[in-house]
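Here the structure comes first, spelled out in structure tokens, and everything after it is commentary.
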Number of protein chains: 2
Amino acid sequence: MSELKGACVIGQSGGPTSAINASCYGAIKTALGEKNITKVYGMLNGIRGLLDDRLIDMGAEDPEELAYMQYTPSSALGSCRYKLKDSAVDDTDYKRILEIFRKYNIRYFFYNGGNDSMDTCNKISKYMLANGYECRVMGIPKTIDNDLAGTDHCPGYASAAKYIATSLMEVYHDARVYDTGMITVVEIMGRNAGWLTAAAQLACSKGCGPDLIYCPENDFDMDAMLAKVEKIYADQKKCIVAVSEGIHDKNGKYISEYGNDLSNAKDGFGHAQLGGLASYLAGVIKERTGAKVRGIELSLLQRCAAHCASQTDLDESFASGKAAVEYAVAGTTDKMVGFEREYVNGKYVCNIKLFDLTIVANTEKKVPAEWFNADKDGLTDDYLRYALPLIQGETKLPKEDGLPRFVHLKKVLVK
Amino acid sequence: MSELKGACVIGQSGGPTSAINASCYGAIKTALGEKNITKVYGMLNGIRGLLDDRLIDMGAEDPEELAYMQYTPSSALGSCRYKLKDSAVDDTDYKRILEIFRKYNIRYFFYNGGNDSMDTCNKISKYMLANGYECRVMGIPKTIDNDLAGTDHCPGYASAAKYIATSLMEVYHDARVYDTGMITVVEIMGRNAGWLTAAAQLACSKGCGPDLIYCPENDFDMDAMLAKVEKIYADQKKCIVAVSEGIHDKNGKYISEYGNDLSNAKDGFGHAQLGGLASYLAGVIKERTGAKVRGIELSLLQRCAAHCASQTDLDESFASGKAAVEYAVAGTTDKMVGFEREYVNGKYVCNIKLFDLTIVANTEKKVPAEWFNADKDGLTDDYLRYALPLIQGETKLPKEDGLPRFVHLKKVLVK
């Protein structure tokens, strides 16, 4: 183990989740307590903040206030969607990053995000190595999409899954209140991976979930869906369908695109209407069945519903941020912190494991094909065994006046 | 006080809420313990179940299981939307109700719902009185809309308000995560009364609420809204607008109707798209500002989000059901149980008060005009003082496997 003394910088990137601040807080709190880490900086809006020399001093925050970060949704430091070019093609950004690193003697770089963020980590790590600047680079994962390779699951996924399953159980009860017919279509996030939509199966396991669940891992067949809906509706007068936003036909065309084509229509004032997949499918099903159909889009509520977060998720997120700092201080670099599942006496245990950044950055993990039922409109018990341990525990989110108490950072800019 | 021995029947009507089962459970549990109440029947799907002689025996339910009812959203006995005709015009239904009352010796009638349900109570009460059948009739209010006259507030409102404020605080954080521009339009329930949308002001009171709040109490001026949004967006690059589904222009035309006109467009397969107010306004604002605009419809999530219910609301709801039975047994009839607010040493106290059914059935309570700001796009502190005590306390909803444990009734049909 080689000692490395210097400042650290941490940033957040990509879409927000209910747990990304818990992992970030785990890293910040740990870094603030490490003697070899001289300063803890936060990047405002991720790598963009680093490039623009917009860093804040995390040590200037009140420690008690900072602790609220772990229960606050979205990205407290601000996020960005910025992809670094290949340094062999254009190294402008890299030179600038090195300049900033030298200016503040930054020797630890922690980046909190999904696939693209791991790609950023990977590129910076390789560039610094090639240019002889000693800096330890660690990726701290987050994504509600749960699509990062290697790790058993991703921080942030379980909280979104818990919210989705809970909301679907509630919608199930609501949709059954009248003795009249009702079909409900619920649109859930997930462009390429169906993990979030799969969480609908958790509601089914409690006897109050959707009748049909469609994920983007399988080609979506509109006629097959309509035939099933018609039958279920004829039998029960109720039907709930859960769909991933990313479902596509066998030619790869997103079903939502059919809706978008339609949305190009304008009203008398030249206004276009923005519509989603749920409202499009609701229209199609209404035409076919004549039933009352309701489209519900869980929208960004599902990724920021901190009030319904899984405490297991928050605890594991915190642990991942903490581990990233501890491993880096101990000499590790160029890795992503992730999770490995173990069962000790039948009880789920989550262990920290390190993963190679190159692999993580370029692979997308999907729901295994064998976890879908034969008709590809539901999940098997394999999924339930996977997901149930992750959603245990209610968030300890503090309340004030009956409402969430979220963090207020001072964000003191470093001169 | 005259003693009256006989069976009681209880039913639920109108739209579901997170708290209607708490009030219903309060009535059922109390009735099961009253010596003068010989049997406790539930109507399946409200008055429709009574007319169809579809009653269930609440005494046949396991008491421990029944207790889960108070945390379960929607209407556990099933609901209906059925308006009784004026008995002077057509007394068919009334004769049938009297027949059922006689068949089961029903002497207590409890009906759990909103304005229309209080109208049903009122009509049945007056008919039985006119026909010399002794029966005590009590209305137990519920409505997320909070629009019942007389009572300080309605069971169910506070839980929906708490969910709306909480979700808006979370959306606020999510919508600010990037350093790029973003406008968000959130559509909230409320056709004629803006109480639910007013709850957005609770989020503002915590520094993370919408910039603009529009309720149906005031005529909606599209140009004024667009001008404000443009200015806020120019200043902050972010803007959140909360709107009631029932906002209308100065001619009384619902703004959502403009969207509906547009939705009549069909795609190449002849499919129509169902769109809501949020997506329509998002389209209009996008056209005007060129910004990225997102429309979010809280949809029925806001009326069934039991996981985010106010325990104050659930406790008061239970108390209202309990009081209805106790008053009826003690001799009261033809009343709705409601609430009166008192401050004891500055502390909010909710007292039970009885209200005349005739008044309740025919009046709609709106947000007072003086509780809106001058521009009619926000609420004053008067609203906050009104609403804050109601949303206190987190639901004690039991969990199983990290998910809500909702009630499973046997629903044993009475032969």
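Residue numbers start at 1 in each chain; chains themselves are named A, B, ... in the order of the structure tokens; ligands are numbered from 1 in the order shown.
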
> How would you write, as a PyMOL selection string, the set of residues in region 80-126 of chain A that DSSP gives as strand (DSSP E)?
Replying inline: chain A and resi 106-113

> Leaving out Tyr254 (chain B) and any residue of its chain fewer than 4 positions from it, which residues lie within 10 Å of it when counting only C-alpha atoms, given as a PyMOL selection string?
Replying inline: chain B and resi 191+216+219-220+245-250+258-260+277

Limited to C-alpha atoms, could you put the picked residues into a file as a compact mmCIF listing (two decimals), in the first residue's frame?
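The new file selection-v7.txt reads:
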# COMPACT_ATOMS: atom_id res chain seq x y z
CA ARG B 191 -62.67 19.95 -11.05
CA PRO B 216 -60.34 26.67 -10.70
CA ASP B 219 -60.44 32.29 -14.41
CA PHE B 220 -57.26 31.05 -16.06
CA GLU B 245 -57.50 19.79 -13.82
CA GLY B 246 -60.52 22.11 -13.65
CA ILE B 247 -58.93 25.41 -14.67
CA HIS B 248 -61.07 27.22 -17.21
CA ASP B 249 -60.99 30.41 -19.22
CA LYS B 250 -63.18 33.44 -18.52
CA TYR B 258 -58.70 22.64 -25.84
CA GLY B 259 -56.42 19.64 -25.39
CA ASN B 260 -59.29 17.25 -26.00
CA LEU B 277 -54.20 18.96 -19.39

>> When you look at Phe109 (chain B) with a cut-off of 8 Å (counting only C-alpha atoms), what residues show up, excluding the ones that are within fewer than 6 positions of it in the same chain? I need them as a ChimeraX atom specification.
In response: /B:8-10,135-138

>> When DSSP is applied to the backbone of this structure, which of region 175-365 of chain B are assigned alpha helix (DSSP H)? Write them out as number ranges by chain.
In response: B: 175, 195-198, 200-204, 222-236, 255-263, 277-289, 301-304, 311-329, 357-361

Can you write out as a Markdown table which residues of chain A fall within 7 Å of chain B, alongside each residue's closest atom pair and its distance in Å to one decimal, counting only C-alpha atoms and ordering rows by chain and ascending residue number?
| residue | atom | partner | partner_atom | distance |
| --- | --- | --- | --- | --- |
| A:Pro16 | CA | B:Asp174 | CA | 6.5 |
| A:Asn45 | CA | B:Tyr178 | CA | 6.6 |
| A:Pro73 | CA | B:Glu170 | CA | 6.6 |
| A:Ser74 | CA | B:Asp174 | CA | 5.0 |
| A:Ser75 | CA | B:Val177 | CA | 5.9 |
| A:Gly78 | CA | B:Val177 | CA | 4.9 |
| A:Ser79 | CA | B:Tyr178 | CA | 5.1 |
| A:Cys80 | CA | B:Tyr178 | CA | 5.5 |
| A:Thr166 | CA | B:Leu403 | CA | 6.1 |
| A:Ser167 | CA | B:Ala305 | CA | 6.9 |
| A:Glu170 | CA | B:Cys304 | CA | 5.7 |
| A:Val171 | CA | B:Leu301 | CA | 6.7 |
| A:His173 | CA | B:Ser74 | CA | 5.7 |
| A:Asp174 | CA | B:Ser74 | CA | 5.0 |
| A:Val177 | CA | B:Gly78 | CA | 4.9 |
| A:Tyr178 | CA | B:Ser79 | CA | 5.1 |
| A:Asp179 | CA | B:Asn45 | CA | 6.7 |
| A:Leu262 | CA | B:Asp267 | CA | 5.0 |
| A:Ala265 | CA | B:Ala265 | CA | 6.6 |
| A:Lys266 | CA | B:Leu262 | CA | 6.6 |
| A:Asp267 | CA | B:Leu262 | CA | 5.0 |
| A:His271 | CA | B:Val284 | CA | 5.6 |
| A:Ala272 | CA | B:Gly283 | CA | 5.3 |
| A:Gln273 | CA | B:Gly283 | CA | 4.9 |
| A:Leu274 | CA | B:Ser279 | CA | 5.1 |
| A:Gly275 | CA | B:Ser279 | CA | 6.2 |
| A:Ser279 | CA | B:Leu274 | CA | 5.1 |
| A:Tyr280 | CA | B:Gln273 | CA | 5.1 |
| A:Ala282 | CA | B:Leu274 | CA | 6.8 |
| A:Gly283 | CA | B:Gln273 | CA | 4.9 |
| A:Val284 | CA | B:His271 | CA | 5.6 |
| A:Glu287 | CA | B:His271 | CA | 6.7 |
| A:Ile296 | CA | B:Ser299 | CA | 6.7 |
| A:Ser299 | CA | B:Ile296 | CA | 6.7 |
| A:Leu301 | CA | B:Val171 | CA | 6.7 |
| A:Cys304 | CA | B:Glu170 | CA | 5.7 |
| A:Ala305 | CA | B:Glu170 | CA | 6.3 |
| A:Leu388 | CA | B:Asp401 | CA | 6.9 |
| A:Ile391 | CA | B:Gly402 | CA | 5.8 |
| A:Gln392 | CA | B:Gly402 | CA | 4.4 |
| A:Gly393 | CA | B:Gly402 | CA | 5.9 |
| A:Asp401 | CA | B:Gln392 | CA | 6.3 |
| A:Gly402 | CA | B:Gln392 | CA | 4.5 |
| A:Leu403 | CA | B:Thr166 | CA | 6.1 |
| A:Pro404 | CA | B:Thr166 | CA | 6.7 |

Can you pull out the residues contacting region 362-375 of chain B? Cut-off 8 Å, using only C-alpha atoms, and skip same-chain residues under 4 positions away; I want them as a PDB file with all heavy atoms, in the first residue's frame.
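Written output follows (around.pdb):
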ATOM      1  N   ASN B 115     -70.400  14.695  -1.667  1.00  0.00           N
ATOM      2  CA  ASN B 115     -71.677  15.423  -1.806  1.00  0.00           C
ATOM      3  C   ASN B 115     -72.831  14.520  -2.215  1.00  0.00           C
ATOM      4  O   ASN B 115     -73.896  14.543  -1.607  1.00  0.00           O
ATOM      5  CB  ASN B 115     -71.563  16.520  -2.884  1.00  0.00           C
ATOM      6  CG  ASN B 115     -70.467  17.508  -2.589  1.00  0.00           C
ATOM      7  OD1 ASN B 115     -69.305  17.159  -2.694  1.00  0.00           O
ATOM      8  ND2 ASN B 115     -70.820  18.723  -2.190  1.00  0.00           N
ATOM      9  N   ASP B 119     -76.313  13.440  -0.336  1.00  0.00           N
ATOM     10  CA  ASP B 119     -77.615  13.586  -0.981  1.00  0.00           C
ATOM     11  C   ASP B 119     -78.420  12.281  -0.841  1.00  0.00           C
ATOM     12  O   ASP B 119     -79.621  12.309  -0.528  1.00  0.00           O
ATOM     13  CB  ASP B 119     -77.386  13.938  -2.457  1.00  0.00           C
ATOM     14  CG  ASP B 119     -78.692  14.157  -3.206  1.00  0.00           C
ATOM     15  OD1 ASP B 119     -79.432  15.082  -2.824  1.00  0.00           O
ATOM     16  OD2 ASP B 119     -78.975  13.387  -4.147  1.00  0.00           O
ATOM     17  N   ASN B 146     -62.198  17.953  -0.665  1.00  0.00           N
ATOM     18  CA  ASN B 146     -62.353  18.859   0.480  1.00  0.00           C
ATOM     19  C   ASN B 146     -63.457  19.892   0.263  1.00  0.00           C
ATOM     20  O   ASN B 146     -63.413  20.976   0.851  1.00  0.00           O
ATOM     21  CB  ASN B 146     -61.031  19.603   0.770  1.00  0.00           C
ATOM     22  CG  ASN B 146     -60.930  20.073   2.212  1.00  0.00           C
ATOM     23  OD1 ASN B 146     -61.361  19.369   3.132  1.00  0.00           O
ATOM     24  ND2 ASN B 146     -60.375  21.252   2.416  1.00  0.00           N
ATOM     25  N   ASP B 147     -64.445  19.547  -0.544  1.00  0.00           N
ATOM     26  CA  ASP B 147     -65.427  20.556  -0.945  1.00  0.00           C
ATOM     27  C   ASP B 147     -66.778  20.435  -0.236  1.00  0.00           C
ATOM     28  O   ASP B 147     -67.754  21.025  -0.685  1.00  0.00           O
ATOM     29  CB  ASP B 147     -65.614  20.516  -2.472  1.00  0.00           C
ATOM     30  CG  ASP B 147     -66.082  19.156  -2.964  1.00  0.00           C
ATOM     31  OD1 ASP B 147     -66.125  18.198  -2.145  1.00  0.00           O
ATOM     32  OD2 ASP B 147     -66.400  19.035  -4.160  1.00  0.00           O
ATOM     33  N   LEU B 148     -66.835  19.674   0.855  1.00  0.00           N
ATOM     34  CA  LEU B 148     -68.101  19.565   1.579  1.00  0.00           C
ATOM     35  C   LEU B 148     -68.308  20.786   2.465  1.00  0.00           C
ATOM     36  O   LEU B 148     -67.386  21.223   3.158  1.00  0.00           O
ATOM     37  CB  LEU B 148     -68.133  18.296   2.431  1.00  0.00           C
ATOM     38  CG  LEU B 148     -68.254  16.976   1.661  1.00  0.00           C
ATOM     39  CD1 LEU B 148     -68.216  15.795   2.628  1.00  0.00           C
ATOM     40  CD2 LEU B 148     -69.547  16.941   0.852  1.00  0.00           C
ATOM     41  N   ALA B 149     -69.526  21.280   2.443  1.00  0.00           N
ATOM     42  CA  ALA B 149     -69.854  22.483   3.215  1.00  0.00           C
ATOM     43  C   ALA B 149     -69.926  22.165   4.706  1.00  0.00           C
ATOM     44  O   ALA B 149     -70.156  21.026   5.105  1.00  0.00           O
ATOM     45  CB  ALA B 149     -71.185  23.050   2.742  1.00  0.00           C
ATOM     46  N   ASN B 192     -63.791  21.538  -9.602  1.00  0.00           N
ATOM     47  CA  ASN B 192     -64.396  22.840  -9.276  1.00  0.00           C
ATOM     48  C   ASN B 192     -63.739  23.550  -8.098  1.00  0.00           C
ATOM     49  O   ASN B 192     -63.805  24.768  -7.993  1.00  0.00           O
ATOM     50  CB  ASN B 192     -65.885  22.656  -8.977  1.00  0.00           C
ATOM     51  CG  ASN B 192     -66.619  22.042 -10.146  1.00  0.00           C
ATOM     52  OD1 ASN B 192     -66.432  22.432 -11.290  1.00  0.00           O
ATOM     53  ND2 ASN B 192     -67.442  21.034  -9.864  1.00  0.00           N
ATOM     54  N   ALA B 193     -63.142  22.757  -7.223  1.00  0.00           N
ATOM     55  CA  ALA B 193     -62.494  23.337  -6.038  1.00  0.00           C
ATOM     56  C   ALA B 193     -60.996  23.087  -6.117  1.00  0.00           C
ATOM     57  O   ALA B 193     -60.554  22.028  -6.532  1.00  0.00           O
ATOM     58  CB  ALA B 193     -63.071  22.725  -4.764  1.00  0.00           C
ATOM     59  N   GLY B 194     -60.219  24.087  -5.710  1.00  0.00           N
ATOM     60  CA  GLY B 194     -58.771  24.011  -5.873  1.00  0.00           C
ATOM     61  C   GLY B 194     -58.003  23.530  -4.656  1.00  0.00           C
ATOM     62  O   GLY B 194     -56.782  23.694  -4.584  1.00  0.00           O
ATOM     63  N   TRP B 195     -58.699  22.918  -3.711  1.00  0.00           N
ATOM     64  CA  TRP B 195     -58.038  22.528  -2.460  1.00  0.00           C
ATOM     65  C   TRP B 195     -56.806  21.661  -2.686  1.00  0.00           C
ATOM     66  O   TRP B 195     -55.769  21.848  -2.038  1.00  0.00           O
ATOM     67  CB  TRP B 195     -59.020  21.779  -1.557  1.00  0.00           C
ATOM     68  CG  TRP B 195     -60.116  22.651  -1.015  1.00  0.00           C
ATOM     69  CD1 TRP B 195     -61.422  22.677  -1.427  1.00  0.00           C
ATOM     70  CD2 TRP B 195     -60.009  23.630   0.027  1.00  0.00           C
ATOM     71  NE1 TRP B 195     -62.127  23.611  -0.691  1.00  0.00           N
ATOM     72  CE2 TRP B 195     -61.284  24.202   0.202  1.00  0.00           C
ATOM     73  CE3 TRP B 195     -58.963  24.070   0.825  1.00  0.00           C
ATOM     74  CZ2 TRP B 195     -61.541  25.196   1.147  1.00  0.00           C
ATOM     75  CZ3 TRP B 195     -59.213  25.057   1.778  1.00  0.00           C
ATOM     76  CH2 TRP B 195     -60.491  25.610   1.923  1.00  0.00           C
ATOM     77  N   GLU B 217     -60.867  28.201  -8.870  1.00  0.00           N
ATOM     78  CA  GLU B 217     -61.637  29.294  -8.270  1.00  0.00           C
ATOM     79  C   GLU B 217     -61.495  30.578  -9.079  1.00  0.00           C
ATOM     80  O   GLU B 217     -62.327  31.487  -8.987  1.00  0.00           O
ATOM     81  CB  GLU B 217     -61.165  29.556  -6.828  1.00  0.00           C
ATOM     82  CG  GLU B 217     -61.757  28.625  -5.787  1.00  0.00           C
ATOM     83  CD  GLU B 217     -61.103  27.256  -5.740  1.00  0.00           C
ATOM     84  OE1 GLU B 217     -60.187  27.012  -6.554  1.00  0.00           O
ATOM     85  OE2 GLU B 217     -61.515  26.426  -4.920  1.00  0.00           O
ATOM     86  N   THR B 358     -79.185  18.299   4.520  1.00  0.00           N
ATOM     87  CA  THR B 358     -79.712  19.074   3.398  1.00  0.00           C
ATOM     88  C   THR B 358     -78.724  20.124   2.922  1.00  0.00           C
ATOM     89  O   THR B 358     -78.515  20.316   1.731  1.00  0.00           O
ATOM     90  CB  THR B 358     -81.035  19.774   3.797  1.00  0.00           C
ATOM     91  OG1 THR B 358     -81.875  18.800   4.404  1.00  0.00           O
ATOM     92  CG2 THR B 358     -81.728  20.362   2.592  1.00  0.00           C
ATOM     93  N   LEU B 379     -50.984  30.862  -3.107  1.00  0.00           N
ATOM     94  CA  LEU B 379     -51.847  30.936  -1.937  1.00  0.00           C
ATOM     95  C   LEU B 379     -51.160  31.739  -0.838  1.00  0.00           C
ATOM     96  O   LEU B 379     -49.936  31.835  -0.809  1.00  0.00           O
ATOM     97  CB  LEU B 379     -52.142  29.525  -1.404  1.00  0.00           C
ATOM     98  CG  LEU B 379     -53.166  28.626  -2.122  1.00  0.00           C
ATOM     99  CD1 LEU B 379     -54.577  29.150  -1.892  1.00  0.00           C
ATOM    100  CD2 LEU B 379     -52.888  28.421  -3.590  1.00  0.00           C
ATOM    101  N   THR B 380     -51.943  32.273   0.052  1.00  0.00           N
ATOM    102  CA  THR B 380     -51.387  33.051   1.160  1.00  0.00           C
ATOM    103  C   THR B 380     -51.096  32.147   2.367  1.00  0.00           C
ATOM    104  O   THR B 380     -51.426  30.963   2.357  1.00  0.00           O
ATOM    105  CB  THR B 380     -52.378  34.138   1.614  1.00  0.00           C
ATOM    106  OG1 THR B 380     -53.518  33.458   2.179  1.00  0.00           O
ATOM    107  CG2 THR B 380     -52.839  35.006   0.460  1.00  0.00           C
ATOM    108  N   ASP B 381     -50.536  32.761   3.407  1.00  0.00           N
ATOM    109  CA  ASP B 381     -50.251  32.015   4.629  1.00  0.00           C
ATOM    110  C   ASP B 381     -51.520  31.518   5.314  1.00  0.00           C
ATOM    111  O   ASP B 381     -51.465  30.596   6.136  1.00  0.00           O
ATOM    112  CB  ASP B 381     -49.443  32.890   5.606  1.00  0.00           C
ATOM    113  CG  ASP B 381     -48.003  33.039   5.135  1.00  0.00           C
ATOM    114  OD1 ASP B 381     -47.616  32.347   4.170  1.00  0.00           O
ATOM    115  OD2 ASP B 381     -47.268  33.847   5.733  1.00  0.00           O
ATOM    116  N   ASP B 382     -52.652  32.120   5.005  1.00  0.00           N
ATOM    117  CA  ASP B 382     -53.916  31.635   5.581  1.00  0.00           C
ATOM    118  C   ASP B 382     -54.128  30.171   5.216  1.00  0.00           C
ATOM    119  O   ASP B 382     -54.567  29.366   6.028  1.00  0.00           O
ATOM    120  CB  ASP B 382     -55.106  32.453   5.043  1.00  0.00           C
ATOM    121  CG  ASP B 382     -55.129  33.854   5.611  1.00  0.00           C
ATOM    122  OD1 ASP B 382     -54.810  34.008   6.805  1.00  0.00           O
ATOM    123  OD2 ASP B 382     -55.454  34.799   4.861  1.00  0.00           O
ATOM    124  N   TYR B 383     -53.819  29.861   3.961  1.00  0.00           N
ATOM    125  CA  TYR B 383     -53.966  28.461   3.546  1.00  0.00           C
ATOM    126  C   TYR B 383     -53.013  27.562   4.330  1.00  0.00           C
ATOM    127  O   TYR B 383     -53.390  26.483   4.797  1.00  0.00           O
ATOM    128  CB  TYR B 383     -53.750  28.279   2.038  1.00  0.00           C
ATOM    129  CG  TYR B 383     -53.693  26.799   1.716  1.00  0.00           C
ATOM    130  CD1 TYR B 383     -54.864  26.034   1.723  1.00  0.00           C
ATOM    131  CD2 TYR B 383     -52.482  26.146   1.523  1.00  0.00           C
ATOM    132  CE1 TYR B 383     -54.821  24.669   1.522  1.00  0.00           C
ATOM    133  CE2 TYR B 383     -52.432  24.775   1.322  1.00  0.00           C
ATOM    134  CZ  TYR B 383     -53.604  24.044   1.318  1.00  0.00           C
ATOM    135  OH  TYR B 383     -53.567  22.677   1.146  1.00  0.00           O
TER     136      TYR B 383
END

Do you know which residues are at most 10 Å from region 1-5 of chain A counting only C-alpha atoms, after dropping those on the same chain fewer than 4 positions away, and could you put them as a PDB file with N, CA and C atoms, in the first residue's frame?
ATOM      1  N   GLU A  34     -10.575  11.204   6.473  1.00  0.00           N
ATOM      2  CA  GLU A  34      -9.309  10.546   6.105  1.00  0.00           C
ATOM      3  C   GLU A  34      -8.141  11.531   6.231  1.00  0.00           C
ATOM      4  N   LYS A  35      -7.107  11.139   6.957  1.00  0.00           N
ATOM      5  CA  LYS A  35      -5.993  12.079   7.176  1.00  0.00           C
ATOM      6  C   LYS A  35      -5.203  12.353   5.890  1.00  0.00           C
ATOM      7  N   ASN A  36      -5.168  11.375   4.979  1.00  0.00           N
ATOM      8  CA  ASN A  36      -4.425  11.605   3.735  1.00  0.00           C
ATOM      9  C   ASN A  36      -5.192  12.438   2.708  1.00  0.00           C
ATOM     10  N   ILE A  37      -6.446  12.678   3.000  1.00  0.00           N
ATOM     11  CA  ILE A  37      -7.232  13.531   2.100  1.00  0.00           C
ATOM     12  C   ILE A  37      -7.270  14.932   2.699  1.00  0.00           C
ATOM     13  N   THR A  38      -6.592  15.847   2.027  1.00  0.00           N
ATOM     14  CA  THR A  38      -6.372  17.178   2.598  1.00  0.00           C
ATOM     15  C   THR A  38      -7.578  18.098   2.428  1.00  0.00           C
ATOM     16  N   LYS A  39      -8.301  17.897   1.349  1.00  0.00           N
ATOM     17  CA  LYS A  39      -9.474  18.728   1.060  1.00  0.00           C
ATOM     18  C   LYS A  39     -10.510  17.862   0.348  1.00  0.00           C
ATOM     19  N   ASN A 105      -4.073  20.186  -6.384  1.00  0.00           N
ATOM     20  CA  ASN A 105      -3.409  18.946  -5.938  1.00  0.00           C
ATOM     21  C   ASN A 105      -4.419  17.823  -5.700  1.00  0.00           C
ATOM     22  N   ILE A 106      -5.290  17.643  -6.669  1.00  0.00           N
ATOM     23  CA  ILE A 106      -6.311  16.594  -6.564  1.00  0.00           C
ATOM     24  C   ILE A 106      -5.683  15.242  -6.893  1.00  0.00           C
ATOM     25  N   ARG A 107      -5.765  14.345  -5.919  1.00  0.00           N
ATOM     26  CA  ARG A 107      -5.152  13.018  -6.060  1.00  0.00           C
ATOM     27  C   ARG A 107      -6.188  11.904  -5.984  1.00  0.00           C
ATOM     28  N   TYR A 108      -7.427  12.303  -5.719  1.00  0.00           N
ATOM     29  CA  TYR A 108      -8.519  11.325  -5.635  1.00  0.00           C
ATOM     30  C   TYR A 108      -9.710  11.854  -6.437  1.00  0.00           C
ATOM     31  N   GLU A 134      -0.174  10.905 -10.742  1.00  0.00           N
ATOM     32  CA  GLU A 134      -0.722   9.931  -9.805  1.00  0.00           C
ATOM     33  C   GLU A 134      -2.060  10.411  -9.253  1.00  0.00           C
ATOM     34  N   CYS A 135      -3.078   9.680  -9.546  1.00  0.00           N
ATOM     35  CA  CYS A 135      -4.428  10.029  -9.092  1.00  0.00           C
ATOM     36  C   CYS A 135      -5.244   8.752  -9.029  1.00  0.00           C
ATOM     37  N   ARG A 136      -5.928   8.570  -7.951  1.00  0.00           N
ATOM     38  CA  ARG A 136      -6.745   7.353  -7.810  1.00  0.00           C
ATOM     39  C   ARG A 136      -8.185   7.661  -8.208  1.00  0.00           C
ATOM     40  N   ALA A 328      -9.630   3.608  -2.204  1.00  0.00           N
ATOM     41  CA  ALA A 328      -8.720   4.536  -2.885  1.00  0.00           C
ATOM     42  C   ALA A 328      -7.570   4.940  -1.959  1.00  0.00           C
ATOM     43  N   VAL A 329      -7.915   5.282  -0.721  1.00  0.00           N
ATOM     44  CA  VAL A 329      -6.889   5.680   0.240  1.00  0.00           C
ATOM     45  C   VAL A 329      -5.907   4.521   0.464  1.00  0.00           C
ATOM     46  N   ALA A 330      -6.425   3.300   0.407  1.00  0.00           N
ATOM     47  CA  ALA A 330      -5.583   2.113   0.628  1.00  0.00           C
ATOM     48  C   ALA A 330      -4.777   1.743  -0.610  1.00  0.00           C
ATOM     49  N   GLY A 331      -4.999   2.443  -1.717  1.00  0.00           N
ATOM     50  CA  GLY A 331      -4.154   2.205  -2.885  1.00  0.00           C
ATOM     51  C   GLY A 331      -4.857   1.751  -4.147  1.00  0.00           C
ATOM     52  N   THR A 332      -6.139   1.468  -4.074  1.00  0.00           N
ATOM     53  CA  THR A 332      -6.866   1.012  -5.253  1.00  0.00           C
ATOM     54  C   THR A 332      -7.175   2.186  -6.199  1.00  0.00           C
TER      55      THR A 332
END

>> I need the residue nearest Leu32 (chain A) from this list: A:Met189, A:Leu384, A:Met225, A:Val325. Use only C-alpha atoms for the distance.
In response: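 Among the listed residues, the smallest separation from Leu32 (chain A) belongs to A:Val325.
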
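When only C-alpha atoms are used to compute distances to Cys121 (chain B), the closest of the residues B:Asp221, B:Gly11, B:Val414, B:Ser244 turns out to be B:Gly11.
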
>> Between CA of Asp334 (chain B) and CA of Met69 (chain B), what distance in Å does the model show, to one decimal?
In response: 26.2 Å

>> Could you list, as a list in words, every residue within 9 Å of Tyr133 (chain A), counting only C-alpha atoms and ignoring same-chain residues fewer than 5 positions away?
In response: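 Result of the neighbour search: Leu98, Arg102, Arg107, Tyr127 and Met128 of chain A.
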
Write the residues you've just listed into a file as a PDB file, in the first residue's frame, and include N, CA, C and O atoms for each of them.
ATOM      1  N   LEU A  98      -6.402  17.862 -16.106  1.00  0.00           N
ATOM      2  CA  LEU A  98      -5.080  17.717 -15.484  1.00  0.00           C
ATOM      3  C   LEU A  98      -4.631  19.050 -14.871  1.00  0.00           C
ATOM      4  O   LEU A  98      -4.068  19.092 -13.765  1.00  0.00           O
ATOM      5  N   ARG A 102      -3.870  19.616 -10.977  1.00  0.00           N
ATOM      6  CA  ARG A 102      -2.588  20.164 -10.488  1.00  0.00           C
ATOM      7  C   ARG A 102      -2.834  21.403  -9.629  1.00  0.00           C
ATOM      8  O   ARG A 102      -2.222  21.585  -8.576  1.00  0.00           O
ATOM      9  N   ARG A 107      -5.765  14.345  -5.919  1.00  0.00           N
ATOM     10  CA  ARG A 107      -5.152  13.018  -6.060  1.00  0.00           C
ATOM     11  C   ARG A 107      -6.188  11.904  -5.984  1.00  0.00           C
ATOM     12  O   ARG A 107      -5.868  10.726  -6.111  1.00  0.00           O
ATOM     13  N   TYR A 127      -6.011   8.220 -18.864  1.00  0.00           N
ATOM     14  CA  TYR A 127      -5.255   9.402 -19.305  1.00  0.00           C
ATOM     15  C   TYR A 127      -4.219   9.806 -18.250  1.00  0.00           C
ATOM     16  O   TYR A 127      -3.062  10.101 -18.575  1.00  0.00           O
ATOM     17  N   MET A 128      -4.646   9.820 -16.991  1.00  0.00           N
ATOM     18  CA  MET A 128      -3.731  10.240 -15.919  1.00  0.00           C
ATOM     19  C   MET A 128      -2.567   9.256 -15.810  1.00  0.00           C
ATOM     20  O   MET A 128      -1.412   9.658 -15.626  1.00  0.00           O
TER      21      MET A 128
END
